[in-house]
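**Student:** Input file: data-v3.txt. Contents: compact mmCIF, C-alpha atoms and all ligand atoms.
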# COMPACT_ATOMS: atom_id res chain seq x y z
CA MET C 1 74.93 -47.26 -226.70
CA GLY C 2 73.21 -44.83 -229.05
CA LYS C 3 74.38 -41.54 -230.44
CA SER C 4 74.38 -38.34 -228.50
CA GLY C 5 75.04 -34.67 -229.12
CA PHE C 6 73.99 -31.04 -228.92
CA ILE C 7 72.76 -29.13 -231.99
CA ALA C 8 72.36 -25.34 -231.90
CA ILE C 9 69.62 -23.78 -234.03
CA ALA C 10 70.81 -20.31 -235.02
CA GLY C 11 70.06 -17.52 -237.46
CA ARG C 12 68.55 -14.06 -237.77
CA PRO C 13 65.35 -13.13 -235.95
CA ASN C 14 62.22 -14.61 -237.54
CA ALA C 15 64.08 -17.20 -239.65
CA GLY C 16 61.92 -19.99 -238.18
CA LYS C 17 64.28 -21.48 -235.58
CA SER C 18 61.65 -22.10 -232.92
CA THR C 19 59.25 -23.49 -235.52
CA LEU C 20 61.93 -25.98 -236.51
CA LEU C 21 62.59 -26.97 -232.90
CA ASN C 22 58.89 -27.64 -232.38
CA ARG C 23 58.73 -29.57 -235.65
CA VAL C 24 61.53 -31.98 -234.73
CA LEU C 25 60.13 -32.48 -231.21
CA ARG C 26 56.51 -32.66 -232.39
CA ALA C 27 55.61 -30.43 -229.44
CA LYS C 28 55.20 -26.70 -228.76
CA VAL C 29 58.30 -26.25 -226.63
CA SER C 30 59.38 -22.85 -227.95
CA ILE C 31 57.03 -19.96 -228.65
CA VAL C 32 56.52 -18.86 -232.26
CA THR C 33 55.10 -15.59 -233.55
CA PRO C 34 55.30 -13.57 -236.77
CA LYS C 35 57.27 -10.91 -234.88
CA ALA C 36 61.07 -10.76 -234.93
CA GLN C 37 62.93 -11.33 -231.66
CA THR C 38 60.36 -13.62 -230.15
CA THR C 39 62.84 -15.92 -228.42
CA ARG C 40 64.81 -14.20 -225.66
CA GLU C 41 66.66 -17.06 -224.02
CA ARG C 42 68.16 -20.38 -224.92
CA VAL C 43 65.61 -23.19 -224.77
CA LEU C 44 66.61 -26.84 -224.90
CA GLY C 45 64.55 -29.37 -226.79
CA ILE C 46 65.39 -32.99 -226.09
CA LEU C 47 64.77 -35.57 -228.81
CA THR C 48 65.09 -39.11 -227.52
CA ASP C 49 64.85 -41.87 -230.09
CA GLU C 50 65.05 -45.37 -228.70
CA ALA C 51 66.76 -46.73 -231.77
CA ARG C 52 69.14 -43.89 -232.54
CA GLY C 53 69.97 -42.07 -229.32
CA GLN C 54 69.45 -38.51 -228.13
CA ILE C 55 69.85 -35.09 -229.70
CA VAL C 56 69.63 -32.04 -227.48
CA PHE C 57 68.63 -29.03 -229.59
CA VAL C 58 69.34 -25.52 -228.42
CA ASP C 59 66.90 -22.92 -229.75
CA THR C 60 68.47 -19.48 -229.64
CA PRO C 61 67.44 -15.82 -229.90
CA GLY C 62 67.82 -14.35 -233.39
CA ILE C 63 71.24 -12.88 -234.06
CA HIS C 64 71.18 -9.14 -234.71
CA ARG C 65 73.31 -6.12 -233.92
CA ALA C 66 72.76 -5.05 -230.34
CA ARG C 67 74.07 -2.21 -228.26
CA PRO C 68 75.97 -3.26 -225.14
CA GLY C 69 73.98 -3.70 -221.95
CA GLY C 70 70.26 -4.25 -222.01
CA ILE C 71 68.03 -7.10 -223.10
CA ASN C 72 69.31 -7.27 -226.69
CA ALA C 73 72.90 -7.79 -225.60
CA TYR C 74 71.66 -10.55 -223.32
CA MET C 75 69.92 -12.21 -226.28
CA ILE C 76 73.11 -12.17 -228.37
CA HIS C 77 75.03 -13.55 -225.44
CA GLU C 78 72.54 -16.42 -225.25
CA ALA C 79 72.97 -17.16 -228.96
CA ARG C 80 76.77 -17.07 -228.70
CA GLN C 81 76.82 -19.36 -225.68
CA ALA C 82 74.67 -21.90 -227.48
CA LEU C 83 77.29 -22.30 -230.20
CA GLU C 84 79.90 -23.54 -227.77
CA ASP C 85 80.46 -27.26 -227.48
CA VAL C 86 77.82 -28.37 -229.94
CA SER C 87 78.21 -31.22 -232.43
CA ALA C 88 76.70 -29.14 -235.23
CA VAL C 89 74.81 -25.95 -235.94
CA TRP C 90 71.64 -25.62 -237.96
CA TYR C 91 71.88 -22.13 -239.42
CA LEU C 92 68.56 -20.96 -240.82
CA VAL C 93 68.34 -18.38 -243.57
CA ASP C 94 65.08 -16.76 -244.67
CA PRO C 95 64.54 -16.60 -248.45
CA GLY C 96 63.88 -12.87 -248.11
CA SER C 97 67.23 -12.26 -246.47
CA ARG C 98 70.35 -10.90 -248.15
CA LEU C 99 74.01 -11.58 -247.62
CA GLU C 100 74.59 -8.22 -245.92
CA HIS C 101 71.83 -8.97 -243.42
CA GLU C 102 73.62 -12.16 -242.44
CA GLU C 103 76.86 -10.39 -241.42
CA ALA C 104 76.21 -10.49 -237.67
CA ALA C 105 75.21 -14.17 -237.83
CA LEU C 106 78.25 -15.07 -239.93
CA ASN C 107 80.52 -13.23 -237.52
CA LEU C 108 79.14 -15.15 -234.57
CA LEU C 109 79.27 -18.47 -236.41
CA SER C 110 82.91 -17.93 -237.37
CA ALA C 111 83.75 -19.04 -233.85
CA ALA C 112 81.91 -22.36 -234.28
CA ARG C 113 84.23 -25.30 -234.73
CA ALA C 114 81.46 -27.77 -235.45
CA PRO C 115 79.92 -28.27 -238.90
CA VAL C 116 77.34 -25.64 -239.81
CA PHE C 117 74.36 -26.71 -241.90
CA VAL C 118 73.24 -23.77 -244.03
CA LEU C 119 69.47 -24.19 -244.32
CA LEU C 120 67.18 -22.18 -246.51
CA ASN C 121 64.01 -22.28 -244.42
CA LYS C 122 60.53 -21.34 -245.66
CA ALA C 123 61.34 -23.03 -248.96
CA ASP C 124 57.56 -23.31 -249.36
CA LEU C 125 57.53 -19.56 -250.04
CA VAL C 126 60.01 -19.81 -252.92
CA CYS C 127 58.42 -20.17 -256.32
CA GLY C 128 60.24 -20.39 -259.60
CA PRO C 129 63.93 -20.27 -260.33
CA ARG C 130 66.04 -17.59 -258.66
CA PRO C 131 69.11 -16.23 -260.48
CA VAL C 132 71.08 -15.64 -257.29
CA THR C 133 70.24 -17.49 -254.14
CA VAL C 134 70.94 -16.04 -250.73
CA GLU C 135 71.66 -19.49 -249.26
CA ALA C 136 74.43 -20.15 -251.82
CA GLN C 137 75.92 -16.71 -251.13
CA VAL C 138 75.76 -17.32 -247.41
CA ALA C 139 77.32 -20.78 -247.75
CA ASP C 140 80.18 -19.33 -249.86
CA ALA C 141 80.74 -16.48 -247.41
CA ALA C 142 80.77 -18.92 -244.51
CA ARG C 143 83.31 -21.17 -246.25
CA ALA C 144 85.48 -18.12 -246.96
CA ARG C 145 85.53 -17.51 -243.20
CA GLY C 146 86.74 -21.01 -242.52
CA ILE C 147 83.39 -22.34 -241.35
CA ASN C 148 82.90 -26.05 -242.00
CA VAL C 149 79.74 -25.74 -244.11
CA VAL C 150 77.28 -28.48 -244.94
CA GLY C 151 74.73 -27.59 -247.62
CA PRO C 152 72.97 -25.41 -248.45
CA ARG C 153 69.79 -27.45 -248.04
CA ASN C 154 66.17 -26.39 -248.50
CA ILE C 155 63.64 -27.03 -245.77
CA SER C 156 60.25 -25.88 -244.61
CA ALA C 157 59.99 -25.98 -240.83
CA ALA C 158 56.30 -25.08 -241.05
CA ARG C 159 55.41 -27.91 -243.44
CA GLY C 160 58.11 -30.36 -242.44
CA THR C 161 59.61 -30.62 -245.93
CA GLY C 162 63.23 -31.76 -245.86
CA VAL C 163 63.28 -32.07 -242.08
CA GLU C 164 63.51 -35.88 -241.96
CA ASP C 165 66.44 -35.84 -244.38
CA LEU C 166 68.11 -33.14 -242.32
CA LEU C 167 67.64 -35.19 -239.16
CA GLY C 168 69.05 -38.28 -240.87
CA GLU C 169 72.12 -36.39 -242.00
CA THR C 170 72.53 -34.93 -238.52
CA TRP C 171 72.26 -38.30 -236.72
CA ALA C 172 74.91 -39.62 -239.12
CA LEU C 173 77.53 -37.16 -237.94
CA LEU C 174 76.87 -37.48 -234.21
CA PRO C 175 79.30 -39.46 -232.09
CA GLU C 176 78.33 -42.46 -229.99
CA GLY C 177 77.66 -41.45 -226.43
CA PRO C 178 75.34 -41.67 -223.45
CA ALA C 179 72.11 -39.68 -223.30
CA HIS C 180 72.50 -36.41 -221.37
CA TYR C 181 68.91 -36.62 -220.17
CA PRO C 182 68.05 -40.20 -219.19
CA ASP C 183 64.27 -39.72 -218.87
CA PRO C 184 62.87 -40.31 -222.40
CA GLU C 185 59.76 -38.28 -221.50
CA GLN C 186 61.73 -35.12 -220.74
CA LEU C 187 61.31 -32.56 -223.53
CA SER C 188 63.18 -29.57 -222.16
CA ASP C 189 65.43 -28.38 -219.36
CA ARG C 190 63.16 -25.58 -218.20
CA PRO C 191 60.76 -25.63 -215.25
CA THR C 192 57.02 -25.36 -215.84
CA ARG C 193 56.91 -21.75 -214.72
CA PHE C 194 59.24 -20.79 -217.56
CA PHE C 195 56.82 -22.25 -220.12
CA VAL C 196 53.88 -20.49 -218.48
CA ALA C 197 55.70 -17.15 -218.67
CA GLU C 198 56.56 -17.86 -222.31
CA LYS C 199 52.95 -18.66 -223.24
CA ILE C 200 51.96 -15.29 -221.77
CA ARG C 201 54.74 -13.54 -223.68
CA GLU C 202 53.58 -15.30 -226.85
CA GLN C 203 50.12 -13.76 -226.43
CA LEU C 204 51.61 -10.33 -225.70
CA LEU C 205 53.52 -10.56 -228.98
CA LEU C 206 50.44 -11.74 -230.85
CA GLN C 207 47.89 -9.37 -229.35
CA LEU C 208 49.72 -6.10 -228.69
CA GLY C 209 50.80 -3.49 -231.25
CA GLU C 210 54.19 -3.38 -232.93
CA GLU C 211 56.69 -2.20 -230.29
CA LEU C 212 54.82 -2.72 -227.04
CA PRO C 213 55.61 -6.46 -226.58
CA TYR C 214 59.31 -5.64 -226.52
CA SER C 215 58.69 -3.52 -223.44
CA CYS C 216 57.00 -6.41 -221.67
CA ALA C 217 58.58 -9.00 -219.40
CA VAL C 218 56.67 -11.71 -217.58
CA GLU C 219 57.37 -12.88 -214.08
CA ILE C 220 55.56 -15.73 -212.35
CA ALA C 221 54.75 -14.35 -208.91
CA LYS C 222 53.00 -17.44 -207.54
CA PHE C 223 52.53 -20.99 -208.71
CA ASP C 224 50.47 -23.10 -206.33
CA GLU C 225 50.50 -26.62 -207.74
CA GLU C 226 48.58 -28.01 -204.77
CA ALA C 227 45.51 -25.88 -205.44
CA GLU C 228 42.64 -27.34 -207.46
CA PRO C 229 42.99 -26.25 -210.22
CA PRO C 230 46.66 -25.14 -209.91
CA ARG C 231 46.81 -21.41 -209.32
CA ILE C 232 49.26 -19.27 -211.27
CA GLU C 233 49.69 -15.56 -210.74
CA ALA C 234 51.84 -13.67 -213.21
CA VAL C 235 53.02 -10.09 -213.44
CA ILE C 236 53.53 -8.37 -216.78
CA HIS C 237 56.20 -5.74 -216.32
CA VAL C 238 56.14 -2.75 -218.64
CA GLU C 239 58.74 -0.01 -218.83
CA ARG C 240 56.63 3.14 -218.49
CA ASP C 241 53.37 4.22 -216.87
CA SER C 242 51.87 5.06 -220.26
CA GLN C 243 52.25 1.42 -221.38
CA LYS C 244 50.22 0.02 -218.53
CA GLY C 245 46.89 1.18 -219.90
CA MET C 246 47.72 -0.14 -223.35
CA VAL C 247 48.27 -3.64 -222.00
CA VAL C 248 45.16 -3.53 -219.83
CA GLY C 249 42.99 -2.07 -222.61
CA GLN C 250 39.60 -0.41 -222.39
CA GLY C 251 37.62 -1.88 -219.53
CA GLY C 252 40.37 -4.48 -219.09
CA ARG C 253 39.42 -6.14 -222.36
CA LYS C 254 42.98 -6.53 -223.69
CA ILE C 255 44.43 -8.18 -220.64
CA LYS C 256 41.40 -10.44 -220.40
CA ALA C 257 41.88 -11.64 -223.98
CA ILE C 258 45.61 -12.15 -223.41
CA GLY C 259 44.92 -14.03 -220.18
CA SER C 260 42.35 -16.42 -221.60
CA ALA C 261 44.39 -17.24 -224.71
CA ALA C 262 47.52 -17.81 -222.60
CA ARG C 263 45.53 -19.97 -220.16
CA ARG C 264 44.31 -22.17 -223.01
CA GLU C 265 47.90 -22.61 -224.23
CA VAL C 266 49.11 -23.42 -220.72
CA GLU C 267 46.30 -25.95 -220.28
CA GLU C 268 47.17 -27.62 -223.55
CA PHE C 269 50.82 -27.72 -222.56
CA LEU C 270 50.19 -29.12 -219.07
CA GLY C 271 47.22 -31.28 -220.00
CA GLN C 272 45.11 -29.91 -217.15
CA HIS C 273 42.99 -26.94 -216.17
CA VAL C 274 44.68 -24.04 -214.41
CA PHE C 275 43.73 -20.70 -212.91
CA LEU C 276 45.79 -17.91 -214.46
CA GLY C 277 45.73 -14.43 -212.97
CA LEU C 278 47.53 -11.56 -214.71
CA ARG C 279 48.46 -8.13 -213.44
CA VAL C 280 50.42 -5.31 -215.02
CA SER C 281 53.11 -3.43 -213.19
CA VAL C 282 55.73 -0.81 -214.09
CA LEU C 283 59.37 -1.81 -213.71
CA LYS C 284 60.91 1.36 -214.97
CA ASP C 285 63.12 0.94 -218.06
CA TRP C 286 63.68 -2.73 -217.22
CA SER C 287 65.09 -3.55 -220.67
CA ARG C 288 68.04 -1.21 -220.03
CA ASP C 289 68.42 -1.47 -216.27
CA ALA C 290 70.98 -3.97 -214.96
CA ALA C 291 69.24 -4.60 -211.63
CA ALA C 292 65.84 -5.10 -213.27
CA LEU C 293 67.29 -7.42 -215.91
CA ARG C 294 68.92 -9.45 -213.19
CA ARG C 295 65.66 -9.76 -211.31
CA LEU C 296 63.95 -10.99 -214.46
CA GLY C 297 66.65 -13.58 -215.08
CA TYR C 298 68.12 -11.78 -218.11
CA GLU C 299 71.56 -11.63 -216.60
CA LEU C 300 74.91 -11.38 -218.35
CA PRO C 301 77.60 -13.45 -216.62
CA LYS C 302 79.99 -10.56 -216.07
CA GLU C 303 77.24 -8.85 -214.08
CA ARG C 304 76.97 -11.85 -211.78
CA GLY C 305 78.84 -11.49 -208.56
CA ARG C 306 78.05 -7.79 -208.42
CA ARG C 307 74.96 -8.56 -206.40
N1 LIG J 401 55.91 -20.08 -244.73
C1 LIG J 401 56.68 -20.47 -243.73
N2 LIG J 401 56.68 -19.79 -242.59
C2 LIG J 401 57.48 -20.21 -241.59
C3 LIG J 401 58.30 -21.35 -241.73
N3 LIG J 401 58.99 -21.52 -240.58
C4 LIG J 401 58.61 -20.52 -239.75
N4 LIG J 401 57.68 -19.72 -240.36
C5 LIG J 401 57.02 -18.53 -239.80
O1 LIG J 401 58.01 -17.55 -239.54
C6 LIG J 401 57.65 -16.78 -238.38
C7 LIG J 401 58.80 -16.80 -237.37
O2 LIG J 401 58.95 -18.11 -236.85
P1 LIG J 401 59.76 -18.39 -235.51
O3 LIG J 401 59.90 -19.86 -235.42
O4 LIG J 401 59.16 -17.67 -234.36
O5 LIG J 401 61.15 -17.72 -235.88
P2 LIG J 401 62.47 -17.60 -234.98
O6 LIG J 401 63.64 -17.77 -235.90
O7 LIG J 401 62.40 -18.52 -233.82
O8 LIG J 401 62.38 -16.09 -234.53
P3 LIG J 401 63.08 -15.37 -233.24
O9 LIG J 401 62.75 -16.16 -232.02
O10 LIG J 401 62.42 -14.03 -233.25
O11 LIG J 401 64.52 -15.27 -233.54
C8 LIG J 401 56.38 -17.39 -237.84
O12 LIG J 401 55.29 -16.64 -238.32
C9 LIG J 401 56.39 -18.78 -238.45
O13 LIG J 401 55.10 -19.32 -238.59
C10 LIG J 401 58.27 -22.08 -242.97
O14 LIG J 401 58.93 -23.08 -243.17
N5 LIG J 401 57.44 -21.59 -243.93
MG MG J 402 62.42 -18.15 -231.81
Output the file's structure in the form of structure tokens.
Ligand SMILES: Nc1nc2c(ncn2[C@@H]2O[C@H](COP(=O)(O)OP(=O)(O)OP(=O)(O)O)[C@@H](O)[C@H]2O)c(=O)[nH]1
Ligand SMILES: [Mg+2]
**Tutor:**
Amino acid sequence: MGKSGFIAIAGRPNAGKSTLLNRVLRAKVSIVTPKAQTTRERVLGILTDEARGQIVFVDTPGIHRARPGGINAYMIHEARQALEDVSAVWYLVDPGSRLEHEEAALNLLSAARAPVFVLLNKADLVCGPRPVTVEAQVADAARARGINVVGPRNISAARGTGVEDLLGETWALLPEGPAHYPDPEQLSDRPTRFFVAEKIREQLLLQLGEELPYSCAVEIAKFDEEAEPPRIEAVIHVERDSQKGMVVGQGGRKIKAIGSAARREVEEFLGQHVFLGLRVSVLKDWSRDAAALRRLGYELPKERGRR
């Protein structure tokens, strides 16, 4: 029997968590953009190594302060849930961060019983000696809270520096156990339609102005796998009428560009051609509305059962 365990990848928004997940899996499982709060839900990444065993990584939304209710509270809930019952946590810190910015993350991590690797990511951006290092401060603060800290270690998720060593150290502390996902080809727990919606959201984040992507949610309305090529119809929900035109763009140019870029990503992911149709619709104030959030799958457990 090989080794087996869950590892949560946590940290503030934009620290490079999803980049690191994709790096260790050598596949684009989680979407990555330069914008903070890209990841909205937990995404599993399954690493099966014939010789060593299986690690199930849990990519999480960035930890930040969120008001109760609404999409941001859901994101924090997802991050918190991911920390339960894991064998270790990879806690990513951006070199530009400061100790006070890490408060919310440290608070959440205080509940983790497993070892927490403090990882300075984007080490490729650090040049020259630094008198005080945020990762050392964070590691000290975490120890002071009773967290079982490993590190700090320097890595670059984008370049891969330090990642093999980190993996080696992580395998070493995992217990023996059976693989949770027996199919060695399986990379994630999510259905294809989730990844399609995410590729569309990735393009919305990349191609729309600052705040607008945060008002967008993607729903797959139809996915006909029998059609040739497979036919996918997706709806981009915005919160207000005025946002609709901004997503569509002049003469439909914006939505066309978003659609063709997303289609290329989907085709690369699935390894086949697809038809991708996009339409924009208003789901009023969805990011703050419990019923709308539920419909979109952004549902807090305490709201379940109130259907
Ligand atoms: N230079 C450099 N950039 C990186 C590195 N890792 C990630 N990035 C960049 O940092 C940005 C954010 O990366 P993500 O992987 O989306 O970050 P995240 O922590 O998943 O962000 P959220 O999902 O918003 O919480 C992207 O532009 C990445 O290309 C790194 O090691 N070096
Ligand atoms: Mg992410």
**Student:** For CA of Tyr181 in chain C and CA of Val56 in chain C, determine how far apart the two atoms are, in Å to one decimal place.
**Tutor:**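 Value for the CA of Tyr181 in chain C-CA of Val56 in chain C distance: 8.7 Å.
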**Student:** For the interface of range 38-137 of chain C with range 277-294 of chain C (cut-off 9 Å, counting all atoms listed in the file), please tabulate each contacting residue of range 38-137 of chain C alongside its nearest pair of atoms and their separation in Å to one decimal, rows sorted by chain and increasing number, as JSON lines.
**Tutor:**
{"residue": "C:Gly69", "atom": "CA", "partner": "C:Arg288", "partner_atom": "CA", "distance": 6.7}
{"residue": "C:Gly70", "atom": "CA", "partner": "C:Arg288", "partner_atom": "CA", "distance": 4.3}
{"residue": "C:Ile71", "atom": "CA", "partner": "C:Ser287", "partner_atom": "CA", "distance": 5.2}
{"residue": "C:Asn72", "atom": "CA", "partner": "C:Ser287", "partner_atom": "CA", "distance": 8.2}
**Student:** Residues within 12 Å of ligand MG 402 (chain J) (all atoms listed in the file), as an MDAnalysis selection string?
**Tutor:** chainID C and resid 9:22 28:44 58:63 75 79 92 198 202
**Student:** Compare C:Gly2, C:Gly96, C:Pro213, C:Gly160 by their minimum atom-to-atom distance to ligand LIG 401 (chain J), counting only C-alpha atoms and all ligand atoms, and give me the closest one.
**Tutor:**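 Once distances to ligand LIG 401 (chain J) are computed over only C-alpha atoms and all ligand atoms, the minimum belongs to C:Gly160.
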**Student:** Would you compute the distance between CA of Pro178 in chain C and CA of Phe194 in chain C? Give it in Å to one decimal.
**Tutor:**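 Distance reported for this atom pair: 27.0 Å.
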**Student:** Hey, what's within 7 Å of Ile46 in chain C if we count only C-alpha atoms and toss same-chain stuff fewer than 4 positions away? As a list of chain:residue names, please?
**Tutor:** C:Ile55, C:Val56, C:Phe57, C:Gln186, C:Leu187, C:Ser188
**Student:** Quick one: residues within 12 Å of Ala136 in chain C, only C-alpha atoms, excluding same-chain residues fewer than 4 positions away - as a list in words?
**Tutor:** Val93, Pro95, Ser97, Arg98, Leu99, Phe117, Val118, Leu119, Leu120, Arg130, Pro131, Val132, Asp140, Ala141, Ala142, Arg143, Val149, Val150, Gly151, Pro152, Arg153 and Asn154 of chain C
**Student:** Using all atoms listed in the file, find the one residue out of C:Arg240, C:Arg23, C:Lys3, C:Arg263 that sits nearest to Thr161 in chain C.
**Tutor:**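 Going through C:Arg240, C:Arg23, C:Lys3, C:Arg263 one by one, the smallest distance to Thr161 in chain C is for C:Arg23.
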**Student:** Would you compute, for all listed atoms of range 5-9 of chain C, the axis-aligned bounding box grown by 5 Å on each side, and then report its centre and edge lengths in Å rounded to one decimal, as AutoDock Vina command-line options?
**Tutor:**
--center_x 72.3 --center_y -29.2 --center_z -231.5 --size_x 15.4 --size_y 20.9 --size_z 15.1
**Student:** Between CA of Phe223 in chain C and CA of Arg193 in chain C, what distance in Å does the model show, to one decimal?
**Tutor:** 7.5 Å
**Student:** Looking at C:Val138, C:Val274, C:Ala82, C:Val247, which one is nearest to Glu228 in chain C, with distances taken over all atoms listed in the file?
**Tutor:**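 The answer is C:Val274, which sits nearest to Glu228 in chain C.
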**Student:** Counting all atoms listed in the file, figure out which residue out of C:Leu167, C:Leu208, C:Val196, C:Ala112 gets nearest to Gly249 in chain C.
**Tutor:**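 Looking at the shortest contact to Gly249 in chain C, the residue is C:Leu208.
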**Student:** Give me the residues near Ala144 in chain C as a list in words, where near means some atom within 12 Å (using all atoms listed in the file) and where sequence neighbours in that chain fewer than 5 positions away do not count.
**Tutor:**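 That gives Leu106, Asn107, Ser110, Gln137, Val138, Ala139 and Val149 of chain C.
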**Student:** With distances taken over only C-alpha atoms and all ligand atoms, which residue among C:Pro182, C:Gly245, C:Gly162, C:Gly5 lies nearest ligand LIG 401 (chain J)?
**Tutor:**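 Closest to ligand LIG 401 (chain J) of all the choices is C:Gly162.
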**Student:** Determine the nearest neighbour of Tyr298 in chain C from the options C:Glu164, C:Asp241, C:Glu78, C:Asp189, counting all atoms listed in the file.
**Tutor:** C:Glu78
